[in-house]
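Peer 1: Please read through the structure below; I'll follow up with questions.
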Amino acid sequence: MSRKDLVLVERAAYGGWQDCWRLSNGLVELVATAEVGPRIIHFGLAGGENELKTWPEQLGKRGGAQWRVYGGHRLWNAPEDNRFSTQPDNAPVGVVITGQTLLLVQPPEKKTGIQKEMEISLLPGQPAARVRHRLRNQAARPQRLSAWPLTVVRPGGRAVLPLPARGPHPLRYQAQAPLVLWPYTDLSDPRFRLTPAHVMLGTDPKRGANKLGLATPLGWMAYARAGHLLIKATRFQPGAEYPDFGCTHQAFTHSGMLELETLSPLALLKRGQAVEHDEAWWLFDGVPVPKGDADIARHILPKVALAKKA
């Protein structure tokens, strides 16, 4: 194995937790904690800052029945239900290392019977990670679920969600895809920028919650901030039923945070069955925050093509 193909997997302390795991390939590095979760708490360029937002006052904590945001990247189940989605993940998780792959396995949740797993690896020689999310039903009753990974990123940037391919009237006159609103969605919010080909959403520490969802077969969303570009790439499954009126991607912002959210198709799970959902994360340097479609076409779409090709 050449040096460029080497991925380091090592135990490390992070943010007050002593039992964490760090993955690095010399281009990017990722840290997941085994003391709570499953959670990815750090992702960034090697030796660089964390692209994920965390709450410092909560780092290092564990135990208790109260749900903590912690920050970073987590896995929920959709459709969202306050009785079941926000279950605490304050207990240690099992760790299995196979080669250069880290598997985190949560004990089944007492209230839901759902067991959450993350299978994490870095791509050798690429500024990228692969995260496989798994929801396993360990309850006696069947459950209809979608895997719903949420990545909390640092404020000050702009999320980009691609709309399905555009076309002129009257050549393309049939309805194409839903744009999904929540009761608190406010499209007049200046954090939104709607262009012919994309939806963008920014952050503002003085403003409250806002959210938008959409269905797109293009299979990516991105976040540009401070010269860096984080791309989350997924695989669209034609004909599958997605939650929330067909959402494949969602973006949520509140005060000084923003979440990049993707969803798997809904699956009816009998006991022991699982639904899986893969994301590929790519992180690039030297990419400005876009103002419109021209910027996205010039600076972001070539990076998306690279990520989708790999």
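So you can find residues: chains in the structure tokens are A, B, ... in the order shown, residues in each start at 1, and ligands are numbered from 1 in order.
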I'd like the neighbourhood of A:Ser24 as a list in words, where a residue qualifies if any of its atoms comes within 8 Å (using only C-alpha atoms), though same-chain residues fewer than 2 positions away should be ignored.
Peer 2: Val7, Leu8, Val9, Arg22, Gly26, Leu27, Val28, Glu29, Leu30, Ala46 and Leu122 of chain A
Peer 1: Report as a count of residues only all protein, DNA and RNA residues lying within 12 Å of A:Leu301, evaluated on only C-alpha atoms, omitting residues in the same chain fewer than 5 positions from it.
Peer 2: 20
Peer 1: Separation of atom CA of A:Glu57 and atom CA of A:Tyr70, in Å?
Peer 2: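 Between atom CA of A:Glu57 and atom CA of A:Tyr70 the gap is 8.5 Å.
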Peer 1: With distances taken over only C-alpha atoms, which residue among A:Gly272, A:Gly44, A:Gly15, A:Pro238 lies nearest A:Ala140?
Peer 2: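 Counting only C-alpha atoms, the residue closest to A:Ala140 is A:Gly272.
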Peer 1: Near A:Met200, within 7 Å and counting only C-alpha atoms, which residues show up once chain neighbours fewer than 6 positions away are dropped, as an mmCIF file with C-alpha atoms, in the first residue's frame?
Peer 2:
```cif
data_model
loop_
_atom_site.group_PDB
_atom_site.id
_atom_site.type_symbol
_atom_site.label_atom_id
_atom_site.label_comp_id
_atom_site.auth_asym_id
_atom_site.auth_seq_id
_atom_site.Cartn_x
_atom_site.Cartn_y
_atom_site.Cartn_z
ATOM 1 C CA ARG A 158 -24.673 29.458 2.327
ATOM 2 C CA ALA A 159 -26.317 26.109 1.587
ATOM 3 C CA VAL A 160 -27.039 25.220 -2.047
ATOM 4 C CA LEU A 161 -29.796 22.805 -3.082
ATOM 5 C CA PHE A 192 -33.239 32.517 1.301
ATOM 6 C CA ARG A 193 -32.074 33.088 -2.261
ATOM 7 C CA LEU A 194 -34.189 31.427 -4.949
#
```
